[in-house]
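Colleague: I'd like to ask some things about the structure below.
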Amino acid sequence: MNHSSIGLFDSGFGGLTVMREVAEQLPHENLIYFGDTAHLPYGNKSAETILQYAFDNAQFLLDQGIKLLIISCHTACSYAFEALQQKLSIPVIGVREPGIEALLQATRTKQVAVLGTRATIASGFFQAALQSRQIDVHAIACPLFVPFVEEGLPNHPAAKLIIEHYLAPLKRTAVDTVLLACTHYPLLREAIQEALGSHIQLIEPAPATALAARDLLKKRKLLNPGTSPPVYQFYTSDDPQKFRQLAKLFFPRPIEQVLLSPCKK
Ligand code: DGL
């Protein structure tokens with residue numbers, strides 16, 4: 001089991017920002033990434049549809065014999081985390097809780113903002129989780145952020161205008177920390193920071209998620225002892241060539257091969 005891979009899935013390419021961190025923190029682990037690009041974006045789908053996709057993706061990765069599942073998509077996590085954790089016989093980690101913990105540790109004013117897709121914000125999960133810890137939350141759906149990133153325009157003046165527009169409600173608040181609760185938003189970090197000012201801390205959940213994965217594997221004695229270089233495999237449900245092209249934005253290491261997932265052919 002120790003030599004088995006960690007499986008990660010996302011609606012598309014963005015979850016590679018999580019895989020990047022996992023590869024950094026767990027350099028001996030074999031990783032299998034599945035990007036469900038045929039159904040991208042999840043951020044404007046219904047709860048039922050997102051849940052179904054999440055189950056299909058998890059099943060595909062389970063069929064590859066993974067030892068741990070990391071739900072790398074915030075939207076999928078917002079709707080499917082509990083259901084997958086209950087159903088699967090292997091451990092499941094999501095990007096949600098590690099991000100929230102990092103946010104809680106960072107805020108001083110106890111006023112925070114969470115930025116996510118329309119579906120993530122509509123799930124109400126972050127609002128409820130933070131309010132139950134006596135934190136004042138501004139939850140903002142930013143549906144146009146993902147296309148700007150995928151078009152390779154994170155610093156375009158139009159992206160800056162949209163960022164200003166979405167984040168305007170935070171201007172006269174005591175918010176001191178902002179959670180980037182979407183796989184793509186780390187690529188807009190610079191522009192978001194510029195719009196909010198340097199006094200605001202931005203939290204990316206990926207590093208905390210990778211650490212949570214490391215702790216869990218350690219606790220369950222599932223770490224790979226690492227005698228040979230790790231193997232990284234990439235699957236997509238649509239157009240492997242396009243995946244390889246766009247993946248470069250999110251994952252700095254070479255991607256030799258991207259395979260079409262057999263279940264989606
Ligand atoms: N991966 C999604 C997330 O983290 C963003 C892209 C999408 O809408 O599918 O919420």
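Following the order of the structure tokens, chains are lettered A, B, ..., residues in each are numbered from 1, and ligands are numbered from 1.
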Distance limit 9 Å, reference ligand 1, atoms considered: only C-alpha atoms and all ligand atoms. Which residues make the cut? Give them as a VMD selection string.

Modeller: chain A and resid 10 to 15 36 to 37 39 to 45 72 to 78 95 116 to 120 143 146 to 147 181 to 185

Colleague: Write the residues you've just listed into a file as a compact mmCIF listing (two decimals), in the first residue's frame, and include N, CA and C atoms for each of them.

Modeller:
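The resulting again06.txt:
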```
# COMPACT_ATOMS: atom_id res chain seq x y z
N ASP A 10 -9.77 17.17 -9.99
CA ASP A 10 -10.29 18.54 -10.09
C ASP A 10 -11.18 18.58 -11.32
N SER A 11 -11.93 19.66 -11.46
CA SER A 11 -12.76 19.83 -12.65
C SER A 11 -11.90 20.01 -13.91
N GLY A 12 -10.65 20.36 -13.74
CA GLY A 12 -9.81 20.58 -14.93
C GLY A 12 -8.36 20.69 -14.58
N PHE A 13 -7.78 21.83 -14.89
CA PHE A 13 -6.33 22.03 -14.74
C PHE A 13 -5.96 22.62 -13.37
N GLY A 14 -6.89 23.39 -12.80
CA GLY A 14 -6.57 24.19 -11.62
C GLY A 14 -6.03 23.39 -10.46
N GLY A 15 -6.54 22.16 -10.29
CA GLY A 15 -6.10 21.33 -9.17
C GLY A 15 -4.62 21.01 -9.24
N ASP A 36 -11.17 16.62 -14.90
CA ASP A 36 -12.42 16.30 -15.60
C ASP A 36 -12.80 17.42 -16.57
N THR A 37 -11.91 17.67 -17.53
CA THR A 37 -12.10 18.83 -18.41
C THR A 37 -13.35 18.74 -19.28
N HIS A 39 -16.18 18.22 -18.30
CA HIS A 39 -17.30 18.82 -17.56
C HIS A 39 -16.97 20.18 -16.94
N LEU A 40 -15.79 20.69 -17.24
CA LEU A 40 -15.34 21.99 -16.72
C LEU A 40 -16.23 23.11 -17.29
N PRO A 41 -16.62 24.12 -16.58
CA PRO A 41 -16.36 24.35 -15.16
C PRO A 41 -17.44 23.72 -14.28
N TYR A 42 -17.05 23.34 -13.06
CA TYR A 42 -18.04 22.86 -12.10
C TYR A 42 -18.73 24.05 -11.41
N GLY A 43 -18.05 25.19 -11.42
CA GLY A 43 -18.46 26.33 -10.60
C GLY A 43 -19.84 26.89 -10.87
N ASN A 44 -20.44 26.53 -12.02
CA ASN A 44 -21.79 27.02 -12.25
C ASN A 44 -22.78 25.87 -12.45
N LYS A 45 -22.40 24.66 -11.95
CA LYS A 45 -23.29 23.50 -12.06
C LYS A 45 -24.12 23.34 -10.78
N SER A 72 -9.15 18.12 -4.96
CA SER A 72 -8.38 19.34 -5.16
C SER A 72 -9.22 20.51 -5.65
N CYS A 73 -10.48 20.26 -5.90
CA CYS A 73 -11.39 21.28 -6.43
C CYS A 73 -12.29 21.79 -5.29
N HIS A 74 -12.30 23.10 -5.09
CA HIS A 74 -13.11 23.64 -4.00
C HIS A 74 -14.60 23.43 -4.23
N THR A 75 -15.01 23.54 -5.49
CA THR A 75 -16.43 23.38 -5.78
C THR A 75 -16.85 21.94 -5.48
N ALA A 76 -16.07 20.97 -5.95
CA ALA A 76 -16.39 19.56 -5.68
C ALA A 76 -16.36 19.28 -4.18
N CYS A 77 -15.37 19.85 -3.53
CA CYS A 77 -15.23 19.65 -2.09
C CYS A 77 -16.44 20.20 -1.33
N SER A 78 -16.95 21.33 -1.80
CA SER A 78 -18.07 21.98 -1.10
C SER A 78 -19.31 21.10 -1.11
N VAL A 95 -9.55 20.34 0.06
CA VAL A 95 -8.86 21.62 0.17
C VAL A 95 -9.57 22.58 1.14
N GLY A 116 -14.72 32.48 -4.08
CA GLY A 116 -14.86 31.17 -4.70
C GLY A 116 -15.77 31.23 -5.91
N THR A 117 -16.02 30.07 -6.50
CA THR A 117 -16.94 30.02 -7.63
C THR A 117 -18.36 30.27 -7.11
N ARG A 118 -19.27 30.45 -8.06
CA ARG A 118 -20.66 30.67 -7.67
C ARG A 118 -21.19 29.50 -6.83
N ALA A 119 -20.87 28.27 -7.28
CA ALA A 119 -21.38 27.09 -6.57
C ALA A 119 -20.75 26.95 -5.18
N THR A 120 -19.46 27.22 -5.09
CA THR A 120 -18.80 27.12 -3.77
C THR A 120 -19.44 28.09 -2.78
N PRO A 143 -17.24 34.58 -10.48
CA PRO A 143 -17.31 33.65 -11.61
C PRO A 143 -16.45 34.01 -12.81
N VAL A 146 -12.03 32.55 -13.24
CA VAL A 146 -11.51 31.33 -13.89
C VAL A 146 -11.22 31.56 -15.38
N PRO A 147 -12.17 32.14 -16.15
CA PRO A 147 -11.85 32.35 -17.57
C PRO A 147 -10.62 33.26 -17.79
N ALA A 181 -10.43 30.50 -2.25
CA ALA A 181 -11.05 29.18 -2.21
C ALA A 181 -11.44 28.69 -3.60
N CYS A 182 -10.47 28.71 -4.48
CA CYS A 182 -10.66 28.19 -5.83
C CYS A 182 -9.28 27.88 -6.38
N THR A 183 -9.20 26.77 -7.08
CA THR A 183 -7.90 26.32 -7.60
C THR A 183 -7.18 27.36 -8.47
N HIS A 184 -7.97 28.18 -9.17
CA HIS A 184 -7.36 29.11 -10.14
C HIS A 184 -6.87 30.42 -9.52
N TYR A 185 -7.41 30.78 -8.37
CA TYR A 185 -7.16 32.14 -7.87
C TYR A 185 -5.70 32.42 -7.48
```

Colleague: Which residues are near A:Ile71? Cut-off 6 Å, only C-alpha atoms, ignore same chain within fewer than 6 positions. Put them as number ranges by chain.

Modeller: A: 8-9, 94

Colleague: Using only C-alpha atoms, which residue out of A:Asp215, A:Glu190, A:Leu249, A:Gln201 lies closest to A:His156?

Modeller: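 Closest candidate: A:Glu190.
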
Colleague: Which residue is closest to A:Ala195? Choose from A:Pro169, A:Pro207, A:Pro27, A:Pro91 and count only C-alpha atoms.

Modeller: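 Closest candidate: A:Pro169.
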
Colleague: For A:Ala212, find every residue with an atom within 10 Å (counting only C-alpha atoms), except residues of its own chain fewer than 6 positions away, and show them as a list in words.

Modeller: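 Neighbouring residues, sequence-local ones excluded: Val22, Ile93, Gly94, Val95, Glu97, Pro98, Ala206 and Lys218 of chain A.
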
Colleague: Could you dump the residues just selected with C-alpha atoms as a tab-separated table (two decimals), in the first residue's frame?

Modeller:
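Output (again.tsv):
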```
chain	number	residue	atom	x	y	z
A	22	VAL	CA	1.89	17.86	-2.82
A	93	ILE	CA	-8.68	14.94	2.23
A	94	GLY	CA	-10.13	18.10	0.73
A	95	VAL	CA	-8.86	21.62	0.17
A	97	GLU	CA	-10.68	22.39	5.94
A	98	PRO	CA	-6.92	23.03	5.59
A	206	ALA	CA	-2.80	24.18	-1.30
A	218	LYS	CA	2.53	9.57	8.45
```

Colleague: Could you give me the residues within stretch 33-89 of chain A that DSSP places in alpha helix (DSSP H), as a PyMOL selection string?

Modeller: chain A and resi 47-63+74-87

Colleague: Between A:Leu69, A:Leu88, A:Ile140, A:Leu188, which is the closest to A:Ala168 once you count only C-alpha atoms?

Modeller: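 Among the listed residues, A:Ile140 lies closest to A:Ala168.
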
Colleague: Measuring atom to atom with only C-alpha atoms, identify which of A:Gln25, A:Gln193, A:Gln86, A:Gln245 is nearest to A:Glu164.

Modeller: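 Of A:Gln25, A:Gln193, A:Gln86, A:Gln245, the one nearest A:Glu164 is A:Gln193, counting only C-alpha atoms.
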
Colleague: Let's see if you can do this: from backbone DSSP, list all strand (DSSP E or B) residues in stretch 12-240 of chain A, as a PyMOL selection string.

Modeller: chain A and resi 31-35+68-71+92-94+111-116+136-141+177-180+201-203+232-236
